[in-house]
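> One structure is given below, represented as structure tokens, and several questions about it will come after.
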Amino acid sequence: MKIRAYLIIITATFFSMTGVIKSQEKEVLSFEEYLSMVGKKNLGYASQKYNVSMAQAAIQTASMFPDPQLDVETTNNGVNQSMGYVYGTSIGWTLELGGKRKARINLAKNQSELSKIQLQDFFRNLRADASLGYIDALKSKALLEVQHDSYKNILQLAKSDSIRYRLGTISLVTSKQSKLEAASLLNEVYQAESAEQQSLTTLSVFLSDKKITGRDVTGDFNAFNRDFNIDELILQALNERADLLAAKQNTQVAKSQISLEKANRMIDLGINAGAERHTEATNEIAPSPTVNAVKLGISIPLKFSNRRNAGLKIAEMAHSQAEVDYQQIEQGIRAEVMQAYQQYVATQKQVKQFHNGMLTEAKSILEGITYSYKRGESSILEVLNAQRTYNGIRKDYYQALADNAAALIELERRAGIWDINF
């Protein structure tokens with residue numbers, strides 16, 4: 001039974017080490033390459049681009065003149081009375097007055113510009129969300145390494161305890177305790193591997209690509225250190241944030257809509273010209289020869305609907321609403337930048353705490369207790385507790401690094417800047 005247990009441990013060690021080797025052989029997906037692929041392959045971003053194309057096509061539609069109208073008619077002047085027939089054709093065209101075409105073009109251009117800014121804002125958020133996903137994948141990879149290291153340490157200790165038990169230097173209970181702890185840590189390794197695969201699957205959603213699950217992420221968590229001035233960040237956000245620019249452009253769209261509504265209140269003239277041919281009338285009472293005629297006409301609509309200016313009032317209220325929305329977004333941006341800055345400062349302090357010797361001290365304690373245990377001066381429980389403490393601190397350290405990176409990404413998202421690369 002002892003030999004069988006020993007073989008099981010050796011086999012588990014072999015497969016775990018094989019998994020580590022395979023993970024090292026994975027093709028690396030750098031952060032820069034990843035963001036480039038997001039801009040090219042993300043389906044949501046590709047869909048948003050169609051809004052820009054449609055808005056540009058709308059400008060051409062707005063610049064079109066009204067189509068002319070061709071009328072053809074015939075008349076029988078008197079059924080069974082031999083009064084002849086009338087054949088006529090005419091062409092009519094609507095002459096728009098009040099600058100309607102110009103107003104339509106201006107509105108379409110402003111809407112096109114708005115769609116471009118909205119596309120920029122979509123990519124701003126997409127880029128930040130994709131970066132957060134990459135950070136999460138990098139954190140999952142680091143936590144998996146922590147679990148692997150912990151498992152290998154306890155597994156080595158279990159192998160050593162098995163030999164020491166056979167030599168009679170430790171009890172059977174102590175030997176079983178270390179083996180049980182190794183088995184428990186192996187389960188945690190499996191769980192960490194699952195978390196890593198799930199984080200890679202999340203990245204594939206941003207890329208709309210299933211192949212990314214076979215690749216590996218890489219990067220330096222210590223590359224997320226920046227010095228900022230909060231006043232400069234707020235000013236930068238108010239000048240560069242795409243959503244604020246979109247809100248400002250929306251006020252221009254509302255103004256253009258008002259101009260179009262005013263132009264539509266002006267009358268349009270209908271102009272038509274045509275020709276008629278009256279055939280010969282052979283009626284005995286009123287005979288007449290064949291006659292050709294030319295006719296010109298103009299139609300003037302009676303715009304009684306102008307007394308009800310609901311469309312203009314709605315456009316004016318929409319403009320007032322757009323201005324209020326702009327002010328609200330501006331106030332919200334100030335608060336967002338301040339909150340993101342405060343969060344980033346807090347995570348920076350947490351990271352510095354770990355850099356002040358927490359990791360080194362925890363590792364030295366573990367090594368010291370392990371050494372004492374091998375000399376018979378401490379118990380296996382002390383070793384396991386020290387190992388758990390060291391693991392917990394390492395996990396907290398990588399979590400703090402990931403939180404710091406995420407805080408920087410959020411800060412730059414809120415401030416409308418971007419210089420993330422690691």
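Each chain in the structure tokens gets a letter, A, B, ..., in the order shown, and its residues are numbered from 1; ligands are numbered from 1 in order too.
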Within 10 Å of A:Gln48, counting only C-alpha atoms, which residues qualify if same-chain residues fewer than 2 places away don't, as a ChimeraX atom specification?
/A:43-46,50-53,115-116,118-120,122-123
> Please, could you write that set of residues out with N, CA, C and O atoms as a PDB file, in the first residue's frame?

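Output file again.pdb follows:
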ATOM      1  N   LEU A  43     -16.517  41.806 -33.144  1.00  0.00           N
ATOM      2  CA  LEU A  43     -17.729  41.927 -33.949  1.00  0.00           C
ATOM      3  C   LEU A  43     -18.568  43.144 -33.546  1.00  0.00           C
ATOM      4  O   LEU A  43     -19.200  43.771 -34.395  1.00  0.00           O
ATOM      5  N   GLY A  44     -18.586  43.454 -32.260  1.00  0.00           N
ATOM      6  CA  GLY A  44     -19.335  44.633 -31.832  1.00  0.00           C
ATOM      7  C   GLY A  44     -18.782  45.902 -32.437  1.00  0.00           C
ATOM      8  O   GLY A  44     -19.543  46.783 -32.869  1.00  0.00           O
ATOM      9  N   TYR A  45     -17.470  46.019 -32.472  1.00  0.00           N
ATOM     10  CA  TYR A  45     -16.829  47.200 -33.072  1.00  0.00           C
ATOM     11  C   TYR A  45     -17.092  47.238 -34.576  1.00  0.00           C
ATOM     12  O   TYR A  45     -17.351  48.308 -35.145  1.00  0.00           O
ATOM     13  N   ALA A  46     -17.037  46.073 -35.222  1.00  0.00           N
ATOM     14  CA  ALA A  46     -17.309  46.015 -36.657  1.00  0.00           C
ATOM     15  C   ALA A  46     -18.749  46.438 -36.951  1.00  0.00           C
ATOM     16  O   ALA A  46     -19.011  47.125 -37.943  1.00  0.00           O
ATOM     17  N   TYR A  50     -20.675  50.273 -39.134  1.00  0.00           N
ATOM     18  CA  TYR A  50     -21.734  50.430 -40.131  1.00  0.00           C
ATOM     19  C   TYR A  50     -22.555  51.690 -39.869  1.00  0.00           C
ATOM     20  O   TYR A  50     -23.102  52.292 -40.795  1.00  0.00           O
ATOM     21  N   ASN A  51     -22.676  52.084 -38.601  1.00  0.00           N
ATOM     22  CA  ASN A  51     -23.408  53.314 -38.291  1.00  0.00           C
ATOM     23  C   ASN A  51     -22.755  54.520 -38.947  1.00  0.00           C
ATOM     24  O   ASN A  51     -23.442  55.428 -39.434  1.00  0.00           O
ATOM     25  N   VAL A  52     -21.425  54.536 -38.969  1.00  0.00           N
ATOM     26  CA  VAL A  52     -20.704  55.635 -39.619  1.00  0.00           C
ATOM     27  C   VAL A  52     -20.956  55.616 -41.115  1.00  0.00           C
ATOM     28  O   VAL A  52     -21.233  56.656 -41.737  1.00  0.00           O
ATOM     29  N   SER A  53     -20.884  54.444 -41.721  1.00  0.00           N
ATOM     30  CA  SER A  53     -21.103  54.332 -43.164  1.00  0.00           C
ATOM     31  C   SER A  53     -22.524  54.731 -43.533  1.00  0.00           C
ATOM     32  O   SER A  53     -22.750  55.436 -44.536  1.00  0.00           O
ATOM     33  N   SER A 115     -21.943  60.141 -35.226  1.00  0.00           N
ATOM     34  CA  SER A 115     -21.715  58.695 -35.306  1.00  0.00           C
ATOM     35  C   SER A 115     -20.223  58.370 -35.240  1.00  0.00           C
ATOM     36  O   SER A 115     -19.832  57.353 -34.659  1.00  0.00           O
ATOM     37  N   LYS A 116     -19.371  59.223 -35.809  1.00  0.00           N
ATOM     38  CA  LYS A 116     -17.924  58.998 -35.725  1.00  0.00           C
ATOM     39  C   LYS A 116     -17.429  59.113 -34.282  1.00  0.00           C
ATOM     40  O   LYS A 116     -16.613  58.310 -33.832  1.00  0.00           O
ATOM     41  N   GLN A 118     -19.235  58.711 -31.583  1.00  0.00           N
ATOM     42  CA  GLN A 118     -19.783  57.575 -30.831  1.00  0.00           C
ATOM     43  C   GLN A 118     -18.981  56.305 -31.093  1.00  0.00           C
ATOM     44  O   GLN A 118     -18.825  55.475 -30.193  1.00  0.00           O
ATOM     45  N   LEU A 119     -18.474  56.162 -32.302  1.00  0.00           N
ATOM     46  CA  LEU A 119     -17.610  55.011 -32.603  1.00  0.00           C
ATOM     47  C   LEU A 119     -16.316  55.095 -31.793  1.00  0.00           C
ATOM     48  O   LEU A 119     -15.841  54.075 -31.274  1.00  0.00           O
ATOM     49  N   GLN A 120     -15.764  56.289 -31.684  1.00  0.00           N
ATOM     50  CA  GLN A 120     -14.558  56.471 -30.875  1.00  0.00           C
ATOM     51  C   GLN A 120     -14.834  56.119 -29.405  1.00  0.00           C
ATOM     52  O   GLN A 120     -14.003  55.484 -28.744  1.00  0.00           O
ATOM     53  N   PHE A 122     -17.131  54.087 -28.312  1.00  0.00           N
ATOM     54  CA  PHE A 122     -17.311  52.632 -28.224  1.00  0.00           C
ATOM     55  C   PHE A 122     -15.961  51.935 -28.138  1.00  0.00           C
ATOM     56  O   PHE A 122     -15.773  51.025 -27.324  1.00  0.00           O
ATOM     57  N   PHE A 123     -15.015  52.368 -28.952  1.00  0.00           N
ATOM     58  CA  PHE A 123     -13.701  51.736 -28.931  1.00  0.00           C
ATOM     59  C   PHE A 123     -12.959  52.067 -27.643  1.00  0.00           C
ATOM     60  O   PHE A 123     -12.182  51.243 -27.143  1.00  0.00           O
TER      61      PHE A 123
END
> Just want the 8 Å neighbourhood of A:Gln111, counted on only C-alpha atoms, with same-chain residues fewer than 3 positions away dropped. Output as a list of chain:residue names.
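Result of the neighbour search: A:Ala55, A:Leu107, A:Ala108, A:Leu114, A:Ser115, A:Asn250, A:Val253.
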> Please produce a file of the residues just selected, as a CSV table (one decimal), in the first residue's frame, where the atoms kept are C-alpha atoms.

chain,number,residue,atom,x,y,z
A,55,ALA,CA,-24.6,58.2,-41.6
A,107,LEU,CA,-28.4,67.9,-40.2
A,108,ALA,CA,-27.0,64.8,-42.0
A,114,LEU,CA,-21.9,62.3,-34.1
A,115,SER,CA,-21.7,58.7,-35.3
A,250,ASN,CA,-25.6,66.1,-30.1
A,253,VAL,CA,-27.6,67.9,-34.1
> So, with only C-alpha atoms as the atoms that count, which of A:Thr282, A:Ser259, A:Ser178, A:Gln331 lies closest to A:Ile105?
A:Ser259
> Using DSSP on the backbone coordinates, identify the residues of stretch 101-348 of chain A assigned to strand (DSSP E or B); present them as number ranges by chain.
A: 215-217, 269-278, 281, 288, 291-299
> My list of candidates is A:Glu145, A:Glu367, A:Asp161, A:Glu316. Which is closest to A:Lys179 when distances are computed with only C-alpha atoms?
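Of the candidates, the smallest distance to A:Lys179 is held by A:Asp161.
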> Counting only C-alpha atoms, figure out which residue out of A:Leu132, A:Ala281, A:Ala263, A:Val291 gets nearest to A:Arg101.
A:Ala263
